[in-house]
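K.L.:
As input, take final_22.pdb (PDB, C-alpha atoms):
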```pdb
MODEL        1
ATOM      1  CA  MET A 180       0.000   0.000   0.000
ATOM      2  CA  ASN A 181       1.212   3.501  -0.797
ATOM      3  CA  TRP A 182       2.429   5.270   2.336
ATOM      4  CA  ARG A 183       0.273   8.336   1.639
ATOM      5  CA  LEU A 184      -2.854   6.208   1.457
ATOM      6  CA  PHE A 185      -1.763   4.341   4.588
ATOM      7  CA  ILE A 186      -1.310   7.572   6.574
ATOM      8  CA  ALA A 187      -4.658   8.985   5.398
ATOM      9  CA  THR A 188      -6.463   5.751   6.280
ATOM     10  CA  LEU A 189      -4.750   5.559   9.676
ATOM     11  CA  LEU A 190      -5.731   9.170  10.442
ATOM     12  CA  HIS A 191      -9.376   8.607   9.574
ATOM     13  CA  VAL A 192      -9.522   5.368  11.564
ATOM     14  CA  THR A 193      -7.991   7.146  14.586
ATOM     15  CA  ILE A 194     -10.547   9.956  14.381
ATOM     16  CA  PHE A 195     -13.372   7.425  14.022
ATOM     17  CA  ILE A 196     -12.208   5.499  17.104
ATOM     18  CA  LEU A 197     -11.852   8.712  19.161
ATOM     19  CA  VAL A 198     -15.345   9.901  18.229
ATOM     20  CA  LEU A 199     -16.806   6.464  19.020
ATOM     21  CA  TRP A 200     -15.010   6.411  22.381
ATOM     22  CA  TRP A 201     -16.302   9.915  23.128
ATOM     23  CA  MET A 202     -19.889   8.808  22.385
ATOM     24  CA  ILE A 203     -19.667   5.684  24.559
ATOM     25  CA  PHE A 204     -18.027   7.564  27.411
ATOM     26  CA  ALA A 205     -20.524  10.468  27.340
ATOM     27  CA  VAL A 206     -23.561   8.174  27.162
ATOM     28  CA  SER A 207     -22.235   6.032  30.028
ATOM     29  CA  LEU A 208     -21.810   9.142  32.193
ATOM     30  CA  ILE A 209     -25.382  10.246  31.492
ATOM     31  CA  ASP A 210     -26.730   6.770  32.213
ATOM     32  CA  ARG A 211     -24.806   6.628  35.499
ATOM     33  CA  TYR A 212     -25.327  10.101  36.927
ATOM     34  CA  GLU A 213     -28.318  11.565  35.061
ATOM     35  CA  PRO A 214     -30.546   8.715  33.890
ATOM     36  CA  HIS A 215     -33.527  11.090  33.698
ATOM     37  CA  MET A 216     -31.777  13.320  31.076
ATOM     38  CA  ILE A 217     -32.913  11.157  28.187
ATOM     39  CA  GLN A 218     -32.955  14.120  25.778
ATOM     40  CA  HIS A 219     -29.226  14.697  26.374
ATOM     41  CA  ARG A 220     -28.530  11.049  25.731
ATOM     42  CA  ASN A 221     -30.456  11.105  22.449
ATOM     43  CA  MET A 222     -28.727  14.319  21.416
ATOM     44  CA  LEU A 223     -25.298  12.763  21.975
ATOM     45  CA  LEU A 224     -26.273   9.673  20.039
ATOM     46  CA  TRP A 225     -27.550  11.677  17.078
ATOM     47  CA  GLU A 226     -24.643  14.122  17.029
ATOM     48  CA  GLY A 227     -22.076  11.389  17.542
ATOM     49  CA  GLY A 228     -23.649   9.167  14.906
ATOM     50  CA  THR A 229     -23.711  12.064  12.432
ATOM     51  CA  LEU A 230     -20.051  12.822  13.144
ATOM     52  CA  LEU A 231     -19.114   9.174  12.692
ATOM     53  CA  LEU A 232     -21.007   9.089   9.398
ATOM     54  CA  LEU A 233     -19.224  12.216   8.172
ATOM     55  CA  VAL A 234     -15.824  10.799   9.150
ATOM     56  CA  GLY A 235     -16.621   7.547   7.346
ATOM     57  CA  LEU A 236     -17.828   9.364   4.215
ATOM     58  CA  THR A 237     -14.748  11.597   4.225
ATOM     59  CA  ALA A 238     -12.466   8.578   4.535
ATOM     60  CA  ALA A 239     -14.273   6.754   1.713
ATOM     61  CA  LEU A 240     -14.129   9.838  -0.540
ATOM     62  CA  THR A 241     -10.435  10.394   0.208
ATOM     63  CA  ILE A 242      -9.547   6.780  -0.593
ATOM     64  CA  TYR A 243     -11.658   6.845  -3.766
ATOM     65  CA  LEU A 244     -10.081  10.060  -5.072
ATOM     66  CA  PHE A 245      -6.599   8.803  -4.230
ATOM     67  CA  LEU A 246      -7.104   5.457  -5.997
ATOM     68  CA  ARG A 247      -8.652   7.214  -9.009
ATOM     69  CA  ASP A 248      -5.679   9.582  -9.294
ATOM     70  CA  GLU A 249      -3.263   6.668  -8.898
ATOM     71  CA  TRP A 250      -5.047   4.766 -11.672
ATOM     72  CA  GLN A 251      -4.967   7.807 -13.966
ATOM     73  CA  MET A 252      -1.275   8.420 -13.220
ATOM     74  CA  ARG A 253      -0.498   4.754 -13.886
ATOM     75  CA  ARG A 254      -2.245   4.937 -17.242
ATOM     76  CA  LEU A 255      -0.366   8.143 -18.070
ATOM     77  CA  ARG A 256       2.986   6.625 -17.084
ATOM     78  CA  GLU A 257       2.282   3.547 -19.201
ATOM     79  CA  PHE A 258       1.451   5.754 -22.186
ATOM     80  CA  VAL A 259       4.563   7.901 -21.748
ATOM     81  CA  ALA A 260       6.748   4.813 -21.279
ATOM     82  CA  GLY A 261       5.348   3.184 -24.419
ATOM     83  CA  PHE A 262       5.651   6.381 -26.437
ATOM     84  CA  THR A 263       9.217   7.105 -25.363
ATOM     85  CA  HIS A 264      10.212   3.482 -25.977
ATOM     86  CA  ASP A 265       8.872   3.666 -29.550
ATOM     87  CA  LEU A 266      10.604   7.002 -30.015
ATOM     88  CA  LYS A 267      13.873   5.592 -28.727
ATOM     89  CA  THR A 268      13.601   2.650 -31.135
ATOM     90  CA  ALA A 269      12.958   4.996 -34.071
ATOM     91  CA  LEU A 270      15.908   7.215 -33.097
ATOM     92  CA  ALA A 271      18.178   4.175 -32.847
ATOM     93  CA  ARG A 272      17.190   3.173 -36.382
ATOM     94  CA  VAL A 273      17.870   6.693 -37.651
ATOM     95  CA  ARG A 274      21.302   6.679 -36.008
ATOM     96  CA  LEU A 275      22.179   3.283 -37.473
ATOM     97  CA  GLN A 276      21.128   4.406 -40.945
ATOM     98  CA  THR A 277      23.126   7.609 -40.563
ATOM     99  CA  GLU A 278      26.230   5.705 -39.458
ATOM    100  CA  SER A 279      25.835   3.349 -42.408
ATOM    101  CA  LEU A 280      25.578   6.270 -44.844
ATOM    102  CA  ARG A 281      28.566   7.971 -43.222
ATOM    103  CA  ALA A 282      30.651   4.804 -43.571
ATOM    104  CA  ASP A 283      29.782   4.461 -47.279
ATOM    105  CA  ASN A 284      30.247   8.154 -48.105
ATOM    106  CA  ARG A 285      33.541   9.702 -49.214
ATOM    107  CA  ASP A 286      32.451  13.356 -49.442
ATOM    108  CA  PRO A 287      33.858  15.355 -46.459
ATOM    109  CA  ALA A 288      30.990  17.864 -46.620
ATOM    110  CA  LEU A 289      28.377  15.125 -46.417
ATOM    111  CA  ASN A 290      30.325  13.386 -43.659
ATOM    112  CA  GLU A 291      30.171  16.554 -41.578
ATOM    113  CA  MET A 292      26.419  16.666 -42.083
ATOM    114  CA  PHE A 293      26.118  13.002 -41.086
ATOM    115  CA  ASN A 294      28.218  13.700 -37.980
ATOM    116  CA  ARG A 295      25.854  16.505 -36.937
ATOM    117  CA  LEU A 296      22.861  14.262 -37.532
ATOM    118  CA  THR A 297      24.400  11.445 -35.472
ATOM    119  CA  THR A 298      25.202  13.860 -32.630
ATOM    120  CA  ASP A 299      21.684  15.326 -32.603
ATOM    121  CA  THR A 300      20.178  11.838 -32.656
ATOM    122  CA  SER A 301      22.360  10.804 -29.709
ATOM    123  CA  ARG A 302      21.226  13.902 -27.799
ATOM    124  CA  LEU A 303      17.585  12.988 -28.376
ATOM    125  CA  GLU A 304      18.220   9.371 -27.379
ATOM    126  CA  THR A 305      19.824  10.540 -24.137
ATOM    127  CA  GLN A 306      16.861  12.773 -23.295
ATOM    128  CA  VAL A 307      14.406   9.974 -24.059
ATOM    129  CA  GLN A 308      16.399   7.590 -21.862
ATOM    130  CA  ASN A 309      16.280  10.127 -19.031
ATOM    131  CA  SER A 310      12.518  10.412 -19.445
ATOM    132  CA  LEU A 311      12.162   6.652 -19.146
ATOM    133  CA  PHE A 312      14.326   6.679 -16.015
ATOM    134  CA  VAL A 313      12.359   9.456 -14.310
ATOM    135  CA  GLY A 314       9.070   7.817 -15.311
ATOM    136  CA  ALA A 315      10.090   4.805 -13.211
ATOM    137  CA  LEU A 316      10.496   6.940 -10.068
ATOM    138  CA  ASP A 317       7.914   7.743  -7.453
ATOM    139  CA  GLY A 318       7.195  11.188  -6.068
ATOM    140  CA  GLY A 319      10.126  10.998  -3.683
ATOM    141  CA  GLY A 320      12.658  10.247  -6.396
ATOM    142  CA  ARG A 321      12.930   6.546  -5.526
ATOM    143  CA  SER A 322      12.687   3.644  -7.936
ATOM    144  CA  ARG A 323       9.323   1.971  -8.268
ATOM    145  CA  GLN A 324       8.943  -1.769  -8.000
ATOM    146  CA  ASN A 325       8.696  -2.062 -11.781
ATOM    147  CA  ALA A 326      11.801   0.060 -12.389
ATOM    148  CA  LYS A 327      14.686  -1.373 -14.358
ATOM    149  CA  GLU A 328      16.764  -3.711 -12.230
ATOM    150  CA  LEU A 329      20.496  -3.284 -12.667
ATOM    151  CA  HIS A 330      22.594  -6.265 -13.743
ATOM    152  CA  VAL A 331      26.156  -5.706 -12.581
ATOM    153  CA  GLU A 332      28.766  -7.354 -14.785
ATOM    154  CA  SER A 333      32.361  -6.754 -15.850
ATOM    155  CA  HIS A 334      32.589  -4.139 -18.604
ATOM    156  CA  SER A 335      35.579  -2.691 -20.394
ATOM    157  CA  LEU A 336      36.007   1.075 -20.202
ATOM    158  CA  ARG A 337      37.716   1.051 -23.585
ATOM    159  CA  SER A 338      34.652  -0.486 -25.249
ATOM    160  CA  LEU A 339      32.365   2.082 -23.605
ATOM    161  CA  VAL A 340      34.600   4.917 -24.799
ATOM    162  CA  ASP A 341      34.536   3.482 -28.328
ATOM    163  CA  LEU A 342      30.720   3.562 -28.216
ATOM    164  CA  LEU A 343      30.885   7.217 -27.167
ATOM    165  CA  LYS A 344      33.097   8.030 -30.132
ATOM    166  CA  ASP A 345      30.556   6.475 -32.484
ATOM    167  CA  SER A 346      27.617   8.251 -30.861
ATOM    168  CA  TRP A 347      29.263  11.696 -30.625
ATOM    169  CA  PRO A 348      31.463  12.023 -33.746
ATOM    170  CA  GLN A 349      31.680  15.823 -33.448
ATOM    171  CA  VAL A 350      33.439  15.566 -30.076
ATOM    172  CA  ASN A 351      37.028  14.510 -29.539
ATOM    173  CA  VAL A 352      36.786  11.784 -26.885
ATOM    174  CA  ALA A 353      40.164  10.798 -25.468
ATOM    175  CA  CYS A 354      41.048   8.332 -22.713
ATOM    176  CA  ASP A 355      44.290   8.112 -20.796
ATOM    177  CA  PHE A 356      44.997   4.387 -20.440
ATOM    178  CA  LYS A 357      48.158   4.018 -18.374
ATOM    179  CA  GLY A 358      50.595   1.943 -20.393
ATOM    180  CA  GLY A 359      47.799   0.892 -22.729
ATOM    181  CA  ARG A 360      46.111  -1.081 -19.950
ATOM    182  CA  ASP A 361      42.338  -1.279 -20.023
ATOM    183  CA  VAL A 362      40.006  -0.769 -17.058
ATOM    184  CA  VAL A 363      37.362  -3.321 -16.081
ATOM    185  CA  MET A 364      34.388  -1.942 -14.137
ATOM    186  CA  ASN A 365      31.731  -3.933 -12.293
ATOM    187  CA  VAL A 366      28.702  -1.998 -13.489
ATOM    188  CA  ASP A 367      25.478  -2.334 -15.418
ATOM    189  CA  GLY A 368      26.337  -1.839 -19.081
ATOM    190  CA  GLN A 369      23.253   0.128 -20.146
ATOM    191  CA  ALA A 370      23.289   2.247 -16.980
ATOM    192  CA  MET A 371      26.974   3.118 -17.400
ATOM    193  CA  GLU A 372      26.421   3.949 -21.052
ATOM    194  CA  SER A 373      23.595   6.276 -20.017
ATOM    195  CA  VAL A 374      25.889   7.904 -17.417
ATOM    196  CA  LEU A 375      28.627   8.614 -19.952
ATOM    197  CA  ASN A 376      26.191   9.821 -22.611
ATOM    198  CA  ASN A 377      24.618  12.243 -20.147
ATOM    199  CA  LEU A 378      28.001  13.642 -19.167
ATOM    200  CA  VAL A 379      29.009  14.135 -22.812
ATOM    201  CA  HIS A 380      25.612  15.663 -23.590
ATOM    202  CA  ASN A 381      25.994  18.034 -20.629
ATOM    203  CA  SER A 382      29.459  19.118 -21.801
ATOM    204  CA  ILE A 383      28.277  19.791 -25.348
ATOM    205  CA  VAL A 384      24.996  21.554 -24.592
ATOM    206  CA  HIS A 385      25.859  23.543 -21.469
ATOM    207  CA  GLY A 386      29.654  23.797 -21.699
ATOM    208  CA  ARG A 387      30.027  24.179 -25.474
ATOM    209  CA  ALA A 388      32.922  21.714 -25.234
ATOM    210  CA  ASP A 389      34.483  19.888 -28.166
ATOM    211  CA  ARG A 390      36.906  17.678 -26.236
ATOM    212  CA  ILE A 391      36.247  15.149 -23.455
ATOM    213  CA  GLN A 392      39.157  13.651 -21.519
ATOM    214  CA  PHE A 393      38.936  10.426 -19.454
ATOM    215  CA  GLU A 394      41.537   9.728 -16.798
ATOM    216  CA  VAL A 395      41.634   6.651 -14.552
ATOM    217  CA  SER A 396      43.424   6.182 -11.243
ATOM    218  CA  PRO A 397      43.219   3.377  -8.657
ATOM    219  CA  ARG A 398      41.529   3.888  -5.301
ATOM    220  CA  ALA A 399      41.038   1.346  -2.544
ATOM    221  CA  THR A 400      40.917  -2.371  -3.238
ATOM    222  CA  ASP A 401      38.703  -3.108  -6.243
ATOM    223  CA  ARG A 402      37.810   0.584  -6.659
ATOM    224  CA  ILE A 403      38.795   3.095  -9.341
ATOM    225  CA  CYS A 404      38.339   6.823  -9.850
ATOM    226  CA  LEU A 405      37.193   7.821 -13.329
ATOM    227  CA  ARG A 406      37.852  11.530 -13.907
ATOM    228  CA  ILE A 407      35.925  13.043 -16.819
ATOM    229  CA  GLY A 408      36.787  16.609 -17.835
ATOM    230  CA  ASP A 409      36.039  18.851 -20.799
ATOM    231  CA  ASN A 410      37.409  22.064 -22.297
ATOM    232  CA  GLY A 411      34.097  23.910 -22.113
ATOM    233  CA  ARG A 412      33.184  27.178 -20.457
ATOM    234  CA  GLY A 413      32.757  25.567 -17.044
ATOM    235  CA  PHE A 414      29.985  25.922 -14.507
ATOM    236  CA  GLN A 415      29.115  29.038 -12.553
ATOM    237  CA  GLY A 416      26.920  28.150  -9.607
ATOM    238  CA  GLU A 417      26.600  25.981  -6.517
ATOM    239  CA  THR A 418      28.545  22.830  -7.312
ATOM    240  CA  LYS A 419      27.132  20.953  -4.318
ATOM    241  CA  ARG A 420      23.593  21.335  -5.694
ATOM    242  CA  LEU A 421      24.426  19.666  -8.993
ATOM    243  CA  GLY A 422      22.558  16.402  -9.405
ATOM    244  CA  GLN A 423      19.315  17.673  -7.888
ATOM    245  CA  MET A 424      16.335  16.988 -10.123
ATOM    246  CA  PHE A 425      14.580  20.031 -11.633
ATOM    247  CA  PHE A 426      16.865  22.525  -9.873
ATOM    248  CA  ARG A 427      17.710  25.415 -12.229
ATOM    249  CA  HIS A 428      20.921  27.239 -11.357
ATOM    250  CA  ASN A 429      20.103  30.144 -13.682
ATOM    251  CA  PRO A 430      17.385  30.987 -16.246
ATOM    252  CA  SER A 431      19.453  29.552 -19.117
ATOM    253  CA  SER A 432      20.355  26.278 -17.405
ATOM    254  CA  GLY A 433      18.667  22.959 -18.019
ATOM    255  CA  SER A 434      16.356  21.010 -15.756
ATOM    256  CA  GLY A 435      19.193  19.084 -14.082
ATOM    257  CA  LEU A 436      17.664  15.808 -15.231
ATOM    258  CA  GLY A 437      20.856  14.527 -16.878
ATOM    259  CA  LEU A 438      23.123  14.941 -13.847
ATOM    260  CA  PHE A 439      20.359  13.606 -11.600
ATOM    261  CA  THR A 440      20.264  10.465 -13.748
ATOM    262  CA  VAL A 441      24.064  10.220 -13.552
ATOM    263  CA  LYS A 442      24.087  10.496  -9.772
ATOM    264  CA  SER A 443      21.195   8.055  -9.314
ATOM    265  CA  TYR A 444      22.670   5.380 -11.581
ATOM    266  CA  VAL A 445      26.167   5.626 -10.085
ATOM    267  CA  GLU A 446      24.874   5.372  -6.511
ATOM    268  CA  ARG A 447      22.734   2.367  -7.454
ATOM    269  CA  MET A 448      25.913   0.725  -8.836
ATOM    270  CA  ASN A 449      27.639   1.153  -5.431
ATOM    271  CA  GLY A 450      29.570   4.202  -6.608
ATOM    272  CA  ALA A 451      29.903   7.876  -5.783
ATOM    273  CA  VAL A 452      29.859  11.105  -7.807
ATOM    274  CA  ARG A 453      31.755  14.312  -7.145
ATOM    275  CA  PHE A 454      31.456  17.507  -9.165
ATOM    276  CA  THR A 455      34.616  19.601  -8.855
ATOM    277  CA  PRO A 456      34.823  23.390  -9.246
ATOM    278  CA  PRO A 457      36.342  24.860 -12.447
ATOM    279  CA  ASP A 458      40.023  25.704 -12.738
ATOM    280  CA  ASP A 459      41.598  29.103 -12.076
ATOM    281  CA  ARG A 460      40.494  30.375 -15.479
ATOM    282  CA  GLY A 461      36.886  29.349 -14.784
ATOM    283  CA  ARG A 462      36.863  26.899 -17.667
ATOM    284  CA  GLY A 463      36.261  23.204 -17.810
ATOM    285  CA  PHE A 464      33.799  20.952 -16.063
ATOM    286  CA  VAL A 465      35.107  17.913 -14.196
ATOM    287  CA  VAL A 466      33.199  14.950 -12.783
ATOM    288  CA  GLU A 467      34.822  12.239 -10.708
ATOM    289  CA  LEU A 468      33.149   8.823 -10.554
ATOM    290  CA  GLU A 469      34.281   6.322  -7.956
ATOM    291  CA  LEU A 470      33.188   2.873  -9.106
ATOM    292  CA  PRO A 471      33.891  -0.802  -8.410
ATOM    293  CA  GLY A 472      36.602  -1.968 -10.771
ATOM    294  CA  ALA A 473      40.303  -2.372 -11.356
ATOM    295  CA  ILE A 474      43.024  -1.494 -13.836
ATOM    296  CA  GLN A 475      44.162  -4.550 -15.735
ATOM    297  CA  THR A 476      47.715  -5.659 -15.104
TER     298      THR A 476
ENDMDL
END
```
Produce structure tokens that represent the structure in this file.
P.N.:
Amino acid sequence: MNWRLFIATLLHVTIFILVLWWMIFAVSLIDRYEPHMIQHRNMLLWEGGTLLLLVGLTAALTIYLFLRDEWQMRRLREFVAGFTHDLKTALARVRLQTESLRADNRDPALNEMFNRLTTDTSRLETQVQNSLFVGALDGGGRSRQNAKELHVESHSLRSLVDLLKDSWPQVNVACDFKGGRDVVMNVDGQAMESVLNNLVHNSIVHGRADRIQFEVSPRATDRICLRIGDNGRGFQGETKRLGQMFFRHNPSSGSGLGLFTVKSYVERMNGAVRFTPPDDRGRGFVVELELPGAIQT
């Protein structure tokens, strides 16, 4: 049972019991000390019965309206989830067709156009994925029972970076692999891909960056720190409030949905996120992800 419905039902039941106790107690006092005041006894019975009826009707109406709104919201969420899933499928087909045309084309001008189309399609796919993620949350920002369960497996950072390069051809994505060694992370593949896509999308849209740099360093046993920085215009605002859903730092900023998705996914994968302030020149946006994993030897 939803906790809001439980609290409302508990409140109405408590009021009903108190009113019933008040009626029984008042009538027993009249019967004991003033048995001849029959009109007072009848008055208490009528007034108490009316109050009990009103409390019961209010409780029934509250529960009915709540269940009706829940049913309507469930139908709306199912529609939005189905619509966004179909949209995501169509965008994936467009991106695959664009990549196929780009691979077969030899004209640099057309390749640049295909790169822009692939980048815009990836941006739309990221926003649709965020909508699906938020649609699976309840009002308190927690995952619903039917939300996507994460499947933690070993994934190569190099392969994830290669996917980013294909999805964002207009951005120079570089990764500093110490001595050519790869990094294996114990994460959910789709969730981690969504995290990286959101960070790249944030750098392009809000930072106007054209270069993303990945750096990896070891932490404690079976933990790594993945540092992701760009060459954009940086962030001017409260860094500690980044990752809050629907918090706008200024009129031109976004809804914060992308970084909220990043933070939520990383924490669900037993990781941590830290947003660092810009450098002395006020440029660049850096995110540090601490995740389960290790650098291959």
K.L.:
Neighbours of A:Leu311 within 12 Å (all atoms listed in the file; same-chain residues fewer than 6 positions away dropped), as a list of chain:residue names?
P.N.:
A:Arg256, A:Glu257, A:Phe258, A:Val259, A:Ala260, A:Gly261, A:Phe262, A:Thr263, A:His264, A:Asp265, A:Leu266, A:Lys267, A:Glu304, A:Thr305, A:Ser322, A:Asn325, A:Ala326, A:Lys327, A:Ser373, A:Leu436, A:Gly437, A:Thr440
K.L.:
Evaluate the PyMOL selection byres ((chain A and resi 403) around 10) on the structure here and hand back the selected residues as a list in words.
P.N.:
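Expected selection for the PyMOL selection byres ((chain A and resi 403) around 10) here is Val362, Val363, Met364, Val395, Ser396, Pro397, Arg398, Ala399, Thr400, Asp401, Arg402, Cys404, Leu405, Arg406, Gly450, Leu468, Glu469, Leu470, Pro471, Gly472, Ala473 and Ile474 of chain A.
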K.L.:
Could you list, as an mmCIF file with C-alpha atoms, in the frame of the given file, every residue within 8 Å of stretch 241-251 of chain A, counting only C-alpha atoms and ignoring same-chain residues fewer than 3 positions away?
P.N.:
```cif
data_model
loop_
_atom_site.group_PDB
_atom_site.id
_atom_site.type_symbol
_atom_site.label_atom_id
_atom_site.label_comp_id
_atom_site.auth_asym_id
_atom_site.auth_seq_id
_atom_site.Cartn_x
_atom_site.Cartn_y
_atom_site.Cartn_z
ATOM 1 C CA LEU A 184 -2.854 6.208 1.457
ATOM 2 C CA ALA A 187 -4.658 8.985 5.398
ATOM 3 C CA THR A 188 -6.463 5.751 6.280
ATOM 4 C CA THR A 237 -14.748 11.597 4.225
ATOM 5 C CA ALA A 238 -12.466 8.578 4.535
ATOM 6 C CA ARG A 254 -2.245 4.937 -17.242
ATOM 7 C CA LEU A 255 -0.366 8.143 -18.070
#
```
K.L.:
A:Asn294, A:Gln392, A:Gln369, A:Ser335: which is nearest A:Cys354, counting all atoms listed in the file?
P.N.:
A:Gln392
K.L.:
By how many Å are atom CA of A:Val331 and atom CA of A:Thr297 apart?
P.N.:
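Rounded to one decimal, the two atoms are 28.7 Å apart.
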K.L.:
I'd like the residues picked by the PyMOL selection byres ((chain A and resi 299) around 12) written out as a PDB file with C-alpha atoms, keeping the file's coordinate frame, using the chain letters and numbers from the file.
P.N.:
```pdb
ATOM      1  CA  LEU A 270      15.908   7.215 -33.097  1.00  0.00           C
ATOM      2  CA  ALA A 271      18.178   4.175 -32.847  1.00  0.00           C
ATOM      3  CA  VAL A 273      17.870   6.693 -37.651  1.00  0.00           C
ATOM      4  CA  ARG A 274      21.302   6.679 -36.008  1.00  0.00           C
ATOM      5  CA  THR A 277      23.126   7.609 -40.563  1.00  0.00           C
ATOM      6  CA  MET A 292      26.419  16.666 -42.083  1.00  0.00           C
ATOM      7  CA  PHE A 293      26.118  13.002 -41.086  1.00  0.00           C
ATOM      8  CA  ASN A 294      28.218  13.700 -37.980  1.00  0.00           C
ATOM      9  CA  ARG A 295      25.854  16.505 -36.937  1.00  0.00           C
ATOM     10  CA  LEU A 296      22.861  14.262 -37.532  1.00  0.00           C
ATOM     11  CA  THR A 297      24.400  11.445 -35.472  1.00  0.00           C
ATOM     12  CA  THR A 298      25.202  13.860 -32.630  1.00  0.00           C
ATOM     13  CA  THR A 300      20.178  11.838 -32.656  1.00  0.00           C
ATOM     14  CA  SER A 301      22.360  10.804 -29.709  1.00  0.00           C
ATOM     15  CA  ARG A 302      21.226  13.902 -27.799  1.00  0.00           C
ATOM     16  CA  LEU A 303      17.585  12.988 -28.376  1.00  0.00           C
ATOM     17  CA  GLU A 304      18.220   9.371 -27.379  1.00  0.00           C
ATOM     18  CA  THR A 305      19.824  10.540 -24.137  1.00  0.00           C
ATOM     19  CA  GLN A 306      16.861  12.773 -23.295  1.00  0.00           C
ATOM     20  CA  SER A 346      27.617   8.251 -30.861  1.00  0.00           C
ATOM     21  CA  TRP A 347      29.263  11.696 -30.625  1.00  0.00           C
ATOM     22  CA  PRO A 348      31.463  12.023 -33.746  1.00  0.00           C
ATOM     23  CA  GLN A 349      31.680  15.823 -33.448  1.00  0.00           C
ATOM     24  CA  HIS A 380      25.612  15.663 -23.590  1.00  0.00           C
ATOM     25  CA  ILE A 383      28.277  19.791 -25.348  1.00  0.00           C
ATOM     26  CA  VAL A 384      24.996  21.554 -24.592  1.00  0.00           C
TER      27      VAL A 384
END
```
K.L.:
Counting all atoms listed in the file, what is within 8 Å of A:Val350, bar same-chain residues fewer than 4 positions away, as a list of chain:residue names?
P.N.:
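Surrounding residues, per the criterion: A:Lys344, A:Ala388, A:Asp389, A:Arg390, A:Ile391.
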K.L.:
What is the distance, in Å and to one decimal place, between atom CA of A:Ala288 and atom CA of A:Asp409?
P.N.:
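Distance between the two atoms: 26.3 Å.
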K.L.:
Calculate how many Å separate atom CA of A:Asn381 from atom CA of A:Gly411, rounding to one decimal.
P.N.:
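So the answer is 10.1 Å.
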K.L.:
Have a look at A:Trp201, A:Phe439, A:Phe464, A:Phe454 and name the one nearest to A:Val313; count only C-alpha atoms.
P.N.:
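So, comparing all the options, the nearest one is A:Phe439.
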K.L.:
Find, counting only C-alpha atoms, the residue in A:Val234, A:Val366, A:Val206, A:Ser443 that gets nearest to A:Asn221.
P.N.:
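With only C-alpha atoms as the atom set, the closest residue is A:Val206.
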K.L.:
With distances taken over all atoms listed in the file, which residue among A:Ser207, A:Gly368, A:Met252, A:Val198 lies nearest A:Leu233?
P.N.:
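So, comparing all the options, the nearest one is A:Val198.
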K.L.:
Using all atoms listed in the file, which of the listed residues (A:Val445, A:Leu275, A:Leu230, A:Ala451) sits closest to A:Val374?
P.N.:
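The closest residue to A:Val374 is A:Val445.
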K.L.:
Would you please work out which residue, of A:Gly386, A:Glu394, A:Leu339, A:Gly435, is nearest to A:Arg412 when using all atoms listed in the file?
P.N.:
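Of A:Gly386, A:Glu394, A:Leu339, A:Gly435, the one nearest A:Arg412, counting all atoms listed in the file, is A:Gly386.
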